[in-house]
Amino acid sequence: MPAKASKKNPKQPAEPARKGAAKAVYAFGKKTEGNASMRALLGGKGANLAEMAAIGLPVPPGFTITTEVCNYFTKHNGAFPPGLDAEVHAAVRQVEQEVGKAFGDKTNPLLFSVRSGARESMPGMMDTILNLGLNDETVLGLAAKSGNPRFAWDCYRRFIQMYGDVVMGVQPRHETEHEPFDHLMASLKKELGRKEDTDLTAEDLQELVSRYKRLIKQRTGTTFPQDPYEQLWGAIGAVFRSWNNERAVVYRQKYNIPSDWGTAVNVQTMVFGNMGDDSATGVAFTRDPANGEKVFYGEYLINAQGEDVVAGVRTPKPIAQLAQEMPQAYKELEAVRQKLEKHFRDMQDFEFTIENNHLYMLQTRNGKRTGLAAVRIAVEMNKEGLMNEKTAVLKIPAESIDSLLVPVFDPKAEAAATVIATGLPAGPGAASGHIVFSASTAEREVKAGRKVILCRVETSPEDLKGMLAAEGILTSRGGVSSHAALVARQLGKVCICGATGVKIDYAKKTLVAGKKVLREGDYLSINGTTGNIYAGAIDTTDSEVKRVLKGQLKPEKSYTYQLFSTVMGWADKYRRLQVRTNADTPEMATSAIQLGAEGIGLCRTEHMFFEGERIDFMRQMILASTEKERRAALKKLLPFQRQDFIGIFKAMKGHPVTIRLLDPPLHEFLPHDETTRRQLAGRLGVSQEFITDRVRALHEVNPMLGHRGCRLGISYPEITEMQARAIFEAAATVKKLKNPIEVKPEVMIPLVGFKAELQDQLDIINRVAKEVMDSRQVHIDYTVGTMIEIPRAAVTADEIAELAEFFSFGTNDLTQTTLGLSRDDMGSFFDDYRNKEIFTQNPFATLDQGGVGKLIEIAVQKGRSVKKHLKLGICGEHGGDPSSIRFFDAVGLNYVSCSPPRVPVARLAAAQAALRN
Ligand code: PEP
Ligand code: MG
């Protein structure tokens, strides 16, 4: 289909011209109007071309059409804004003067490349057209001028092919059809008995050009445009349109790039890397983007155009070899490398072309890099004086720190593996093992010395042991704050959840992803950092940093550890927020302390009952139909609970510990299936009917809004009583040790919405505290606070603050209740919300600042209006999310609390927040 706007004079808009329309075209070259700070308007490529030209690097002159024009074009159905025509003509004339060639000139034609360039680079997602300006006449001029007719005709046929495809839409008509231009090329080669493209002579290529043009006429009913300006407008329109092609839209969603950023268009004088053996083209990084090492890293092809390097038609050579092949150009390139780093003060990824031994720079941008490379480059550039500490801290994406800690896949092996499905990346790292479908099989297999991936539709507390045993966890249902995700992250387990493309059949013991059918025992590999799922095994290794932290490796033996500790040192210097952890066991607490946690912000006491026979007593307590039965179960739970608190207090060595009273949404704890009920009945010495009846009686339609949180302690004060007793008795015990531990327990009440609820629980806690202190003859300094996790608590925070000594925002429930959106059920329609950009991010992973954030601000303000120094924290999953952390810093919280493996990320994000806010 011919392009809408491919007319000599661009289509005029229906609307009247904007008054005082903004400048739409910015030149670069001898006259340069933009600079590196203008990314939003000129796109990354345009802004940096201007910057390079301004600092005297050899940039072929050209001009950039702004992203604002793109937005106008999209909004006005493919029309260009008034006045653009004149601006473009003027810019072309400027380039003509500068290079001494003319656009459309028969003897000395100026050719352009037309490329996209968004604010953030979106490699390969949008369209490009090269050699624009060639037609039946200018091709002869180029042939004569270059003395190389074959080169000229090759450029012309490449141009027609690109233009025909991108602008005129001549593409395969169905999935099985070959690319039509390639098909013509192949049949011509066959006809003439030529093997390689390079065997085609100037005459052959001339014939190919005729056939290409015929193809276009046949398919579109229009002739290939000969007018250079018509070509130019067609190409500009096509690049703008490609902002909304499917690839680009998908990419934007993945990287949260707003659709209203738009792309700029860069029109630049063509230089040719395919002029012979003294010409070349290549891409290079100023440092190694995979590991950050300071080496010149890149590749090039002699006698080729840029597209050949990327397309993989010929295998490029490593950049070091250029020193032998073209010593002069290499020397210049090395000088450019130094200059780029000095100027941009970051690792650069750049494209260059050498035309008859002259070096030209076509692009530079901050190079994409792995997490490890990000850390290494920042630390080394700081040492080299290229960036100060604060800049270095800001340059490292906070998430990058994670990649120094998690087990990793061998990168080559992963690249060679095939993705069979994807899910939500819930627990970072790499895991590979045999598929198992139940927790008990997982345990058994691991005992037998095999590594397993536990694959469940979703997980529940009874899966914990299996989850612990497994290398990784995969669920086909549930979001990033689902049970599986939450527990996996706390355990530092690799986890992918909500992989809706995966069908798990427990009965058949199969895992089906598309056409791939895997069975129990087959190998599966999951990347919890990216969400990719692979069939088969991929090798993994424990990180060096982890080995140092565990004392298995000396710090001086690990450069990666030294990088890690340098960055963490910086982070601690600049952050305001304290970083605590969500931990329920002494092991978790210890590992969090190793990673730099300064306390426990949330100990979920219901999670302490996951293990062994405790879950039975816990269930017995929940299922109890009378106070007597409940007290009997509680009596059995008390010693475990007390012992656990002693363990945690010891592990925390005086660091603060916030203990939250029971908050078990009933559906997470009730036995669901017949087998579990039968087994439980046996163990508890009751009939199966009793269990079934009680489960039925306790059934809630909406357990997340049901009998949970403080509501439980209000109905059954004996539960609160038991927990308070366990906490204070444990505190008394550690205070009386031979080497006493100073503890100041922070008791936290969940799901409070009314001041009266807090008062009710407070009375019990204070009474029990007094009893324990009196009987043990010891003073325990404790505080009682509340979670703020339902909107009513937030908007009545001033009333609640009269009683609470601290607030901790439970942003999981606060998100659930503010958005009226179930934590457990949103997976089924999340994609629709993403696709329509109603959600740009998952609100359970990244705080909804406009809604939930407003409630937090209200609560902070109201709470502190009553108690000026009220301690404020956050313990929902958002506590480990960098952009949410920035918000928490801005509203003045005292700490964030996150799962142990997230602690380093949170420390770095908190420093970045303090530097940015
Ligand atoms: C919360 O709701 O944010 C929270 C921390 O509590 P839980 O996830 O245990 O409901
Ligand atoms: Mg909660």
# chains A, B, ... in the order shown; residues from 1 in each chain; ligands from 1

$ residues_around --residues "Phe352 of chain A" --least-positions-apart "3" --cutoff "7 Å" --atoms "only C-alpha atoms" --output "list in words"
Thr281, Gly282, Val283, Tyr360, Met361 and Leu362 of chain A

$ residues_around --residues "Leu184 of chain A" --least-positions-apart "3" --cutoff "10 Å" --atoms "only C-alpha atoms" --output "PyMOL selection string"
chain A and resi 178-181+187-190+208+211-212+215

$ closest_residue --among "A:Arg696, A:His607, A:Arg864, A:Arg369" --to "Leu893 of chain A" --atoms "only C-alpha atoms"
A:Arg864

$ residues_around --residues "Thr560 of chain A" --least-positions-apart "3" --cutoff "10 Å" --atoms "only C-alpha atoms" --output "count of residues only"
16

$ residues_near_ligand --ligand "ligand 2" --cutoff "6 Å" --atoms "only C-alpha atoms and all ligand atoms" --output "list in words"
Gly810, Asn812 and Asp813 of chain A

$ select_by_dssp --residues "segment 393-468 of chain A" --states "alpha helix (DSSP H)" --output "list in words"
Val393, Leu394, Lys395, Pro411, Lys412, Ala413, Glu414, Ala415, Ala416, Ala439, Ser440, Thr441, Ala442, Glu443, Arg444, Glu445, Val446, Lys447, Leu464, Lys465, Gly466, Met467 and Leu468 of chain A

$ residues_near_ligand --ligand "ligand 1" --cutoff "9 Å" --atoms "only C-alpha atoms and all ligand atoms" --output "JSON, numbers by chain"
{"A": [481, 482, 483, 486, 582, 602, 604, 606, 660, 663, 664, 665, 704, 709, 750, 751, 787, 788, 789, 790, 808, 809, 810, 811, 812, 813, 814, 815, 816, 874, 875, 876, 877, 878]}

$ write_last_selection --atoms "N, CA and C atoms" --output "short mmCIF file (atom, residue, chain, number, x, y, z; two decimals), in the first residue's frame"
data_model
loop_
_atom_site.label_atom_id
_atom_site.label_comp_id
_atom_site.auth_asym_id
_atom_site.auth_seq_id
_atom_site.Cartn_x
_atom_site.Cartn_y
_atom_site.Cartn_z
N SER A 481 2.89 -10.85 43.69
CA SER A 481 2.80 -10.91 45.15
C SER A 481 1.98 -12.13 45.56
N SER A 482 1.91 -13.12 44.69
CA SER A 482 1.24 -14.37 45.04
C SER A 482 2.10 -15.11 46.06
N HIS A 483 1.51 -16.12 46.63
CA HIS A 483 2.23 -16.90 47.65
C HIS A 483 3.59 -17.37 47.12
N LEU A 486 6.14 -14.45 46.70
CA LEU A 486 6.53 -13.87 47.98
C LEU A 486 7.52 -14.77 48.72
N ASN A 582 12.09 -8.44 55.39
CA ASN A 582 10.95 -9.27 55.76
C ASN A 582 11.50 -10.68 55.97
N LEU A 602 9.30 -6.82 58.99
CA LEU A 602 8.09 -7.63 59.01
C LEU A 602 8.45 -9.09 59.23
N ARG A 604 6.35 -12.27 59.51
CA ARG A 604 4.97 -12.76 59.36
C ARG A 604 4.84 -14.02 60.21
N GLU A 606 2.50 -16.04 60.81
CA GLU A 606 1.83 -17.22 60.25
C GLU A 606 2.80 -18.04 59.40
N ARG A 660 4.75 -9.19 63.49
CA ARG A 660 3.34 -8.95 63.20
C ARG A 660 2.51 -10.11 63.70
N ASP A 663 -1.87 -13.21 60.64
CA ASP A 663 -2.70 -12.68 59.57
C ASP A 663 -2.81 -13.73 58.48
N PRO A 664 -3.52 -14.84 58.78
CA PRO A 664 -3.58 -15.89 57.78
C PRO A 664 -4.87 -15.85 56.97
N PRO A 665 -4.81 -15.37 55.74
CA PRO A 665 -6.02 -15.48 54.93
C PRO A 665 -6.39 -16.96 54.90
N MET A 704 -9.54 -12.85 51.17
CA MET A 704 -8.62 -11.74 51.33
C MET A 704 -9.28 -10.57 52.07
N GLY A 709 -6.25 -11.00 59.74
CA GLY A 709 -5.66 -9.84 60.41
C GLY A 709 -6.17 -9.72 61.83
N PRO A 750 -2.04 -6.30 62.32
CA PRO A 750 -2.39 -6.22 60.90
C PRO A 750 -3.84 -5.83 60.64
N LEU A 751 -4.06 -5.27 59.47
CA LEU A 751 -5.40 -5.03 58.91
C LEU A 751 -6.31 -4.16 59.79
N MET A 787 -0.13 -1.91 61.10
CA MET A 787 0.02 -1.82 59.66
C MET A 787 -1.03 -0.84 59.17
N ILE A 788 -0.65 -0.10 58.13
CA ILE A 788 -1.64 0.72 57.44
C ILE A 788 -1.79 0.04 56.09
N GLU A 789 -2.88 -0.71 55.96
CA GLU A 789 -3.01 -1.50 54.74
C GLU A 789 -4.43 -1.56 54.23
N ILE A 790 -5.32 -0.80 54.88
CA ILE A 790 -6.62 -0.61 54.24
C ILE A 790 -6.93 0.88 54.25
N SER A 808 3.42 0.82 59.71
CA SER A 808 4.14 0.19 58.60
C SER A 808 3.13 -0.02 57.47
N PHE A 809 3.44 0.55 56.31
CA PHE A 809 2.49 0.46 55.21
C PHE A 809 2.54 -0.93 54.57
N GLY A 810 1.39 -1.59 54.60
CA GLY A 810 1.29 -2.90 53.95
C GLY A 810 0.75 -2.66 52.56
N THR A 811 1.67 -2.37 51.66
CA THR A 811 1.23 -1.91 50.34
C THR A 811 0.66 -3.02 49.47
N ASN A 812 0.85 -4.28 49.88
CA ASN A 812 0.20 -5.36 49.13
C ASN A 812 -1.31 -5.25 49.32
N ASP A 813 -1.72 -5.22 50.59
CA ASP A 813 -3.15 -5.12 50.85
C ASP A 813 -3.68 -3.73 50.54
N LEU A 814 -2.86 -2.72 50.78
CA LEU A 814 -3.32 -1.36 50.49
C LEU A 814 -3.59 -1.19 48.99
N THR A 815 -2.77 -1.86 48.17
CA THR A 815 -3.02 -1.81 46.73
C THR A 815 -4.29 -2.60 46.40
N GLN A 816 -4.38 -3.78 47.00
CA GLN A 816 -5.54 -4.63 46.76
C GLN A 816 -6.83 -3.92 47.11
N ILE A 874 7.63 0.73 55.45
CA ILE A 874 6.80 0.03 54.46
C ILE A 874 7.31 -1.40 54.39
N CYS A 875 6.36 -2.35 54.38
CA CYS A 875 6.81 -3.74 54.36
C CYS A 875 6.11 -4.56 53.27
N GLY A 876 5.34 -3.89 52.41
CA GLY A 876 4.77 -4.61 51.27
C GLY A 876 5.88 -4.91 50.26
N GLU A 877 5.53 -5.65 49.23
CA GLU A 877 6.54 -6.03 48.23
C GLU A 877 7.20 -4.82 47.57
N HIS A 878 6.52 -3.70 47.57
CA HIS A 878 7.07 -2.48 46.96
C HIS A 878 8.33 -1.98 47.66
#

$ residues_around --residues "Gly685 of chain A" --least-positions-apart "6" --cutoff "12 Å" --atoms "only C-alpha atoms" --output "ChimeraX atom specification"
/A:616-617,620,677-679,691

$ write_last_selection --atoms "N, CA, C and O atoms" --output "short mmCIF file (atom, residue, chain, number, x, y, z; two decimals), in the first residue's frame"
data_model
loop_
_atom_site.label_atom_id
_atom_site.label_comp_id
_atom_site.auth_asym_id
_atom_site.auth_seq_id
_atom_site.Cartn_x
_atom_site.Cartn_y
_atom_site.Cartn_z
N ASP A 616 0.18 -28.38 61.20
CA ASP A 616 -0.96 -29.14 61.72
C ASP A 616 -1.61 -28.42 62.91
O ASP A 616 -2.83 -28.28 62.97
N PHE A 617 -0.75 -27.94 63.85
CA PHE A 617 -1.30 -27.26 65.03
C PHE A 617 -1.97 -25.96 64.61
O PHE A 617 -2.99 -25.56 65.17
N GLN A 620 -5.16 -26.89 63.25
CA GLN A 620 -6.02 -27.32 64.35
C GLN A 620 -6.63 -26.08 65.02
O GLN A 620 -7.81 -26.04 65.33
N ARG A 677 -6.79 -33.65 53.73
CA ARG A 677 -7.77 -33.67 54.83
C ARG A 677 -7.72 -35.00 55.57
O ARG A 677 -7.76 -35.04 56.80
N ARG A 678 -7.61 -36.06 54.78
CA ARG A 678 -7.56 -37.39 55.39
C ARG A 678 -6.32 -37.49 56.28
O ARG A 678 -6.38 -37.91 57.43
N GLN A 679 -5.17 -37.08 55.72
CA GLN A 679 -3.92 -37.17 56.47
C GLN A 679 -3.99 -36.30 57.74
O GLN A 679 -3.60 -36.73 58.82
N ILE A 691 -13.27 -32.40 59.83
CA ILE A 691 -12.45 -31.45 59.06
C ILE A 691 -13.25 -30.88 57.90
O ILE A 691 -13.30 -29.66 57.70
#

$ select_by_dssp --residues "segment 440-649 of chain A" --states "strand (DSSP E or B)" --output "VMD selection string"
chain A and resid 452 to 456 472 to 475 494 to 497 502 to 505 510 to 513 516 to 519 523 to 527 532 to 535 540 to 541 578 to 582 600 to 604

$ atom_distance --atom1 "atom CA of Ser113 of chain A" --atom2 "atom CA of Asp154 of chain A"
15.4 Å

$ residues_around --residues "segment 495-500 of chain A" --least-positions-apart "4" --cutoff "7 Å" --atoms "only C-alpha atoms" --output "NGL selection string"
:A and (422-428 or 472-479 or 485 or 488 or 528 or 531 or 827)

$ closest_residue --among "A:His434, A:Ala804, A:Met122, A:Leu142" --to "Arg252 of chain A" --atoms "only C-alpha atoms"
A:Met122

$ closest_residue --among "A:Gln171, A:Asn131, A:Asn245, A:Thr223" --to "Gly306 of chain A" --atoms "only C-alpha atoms"
A:Asn131
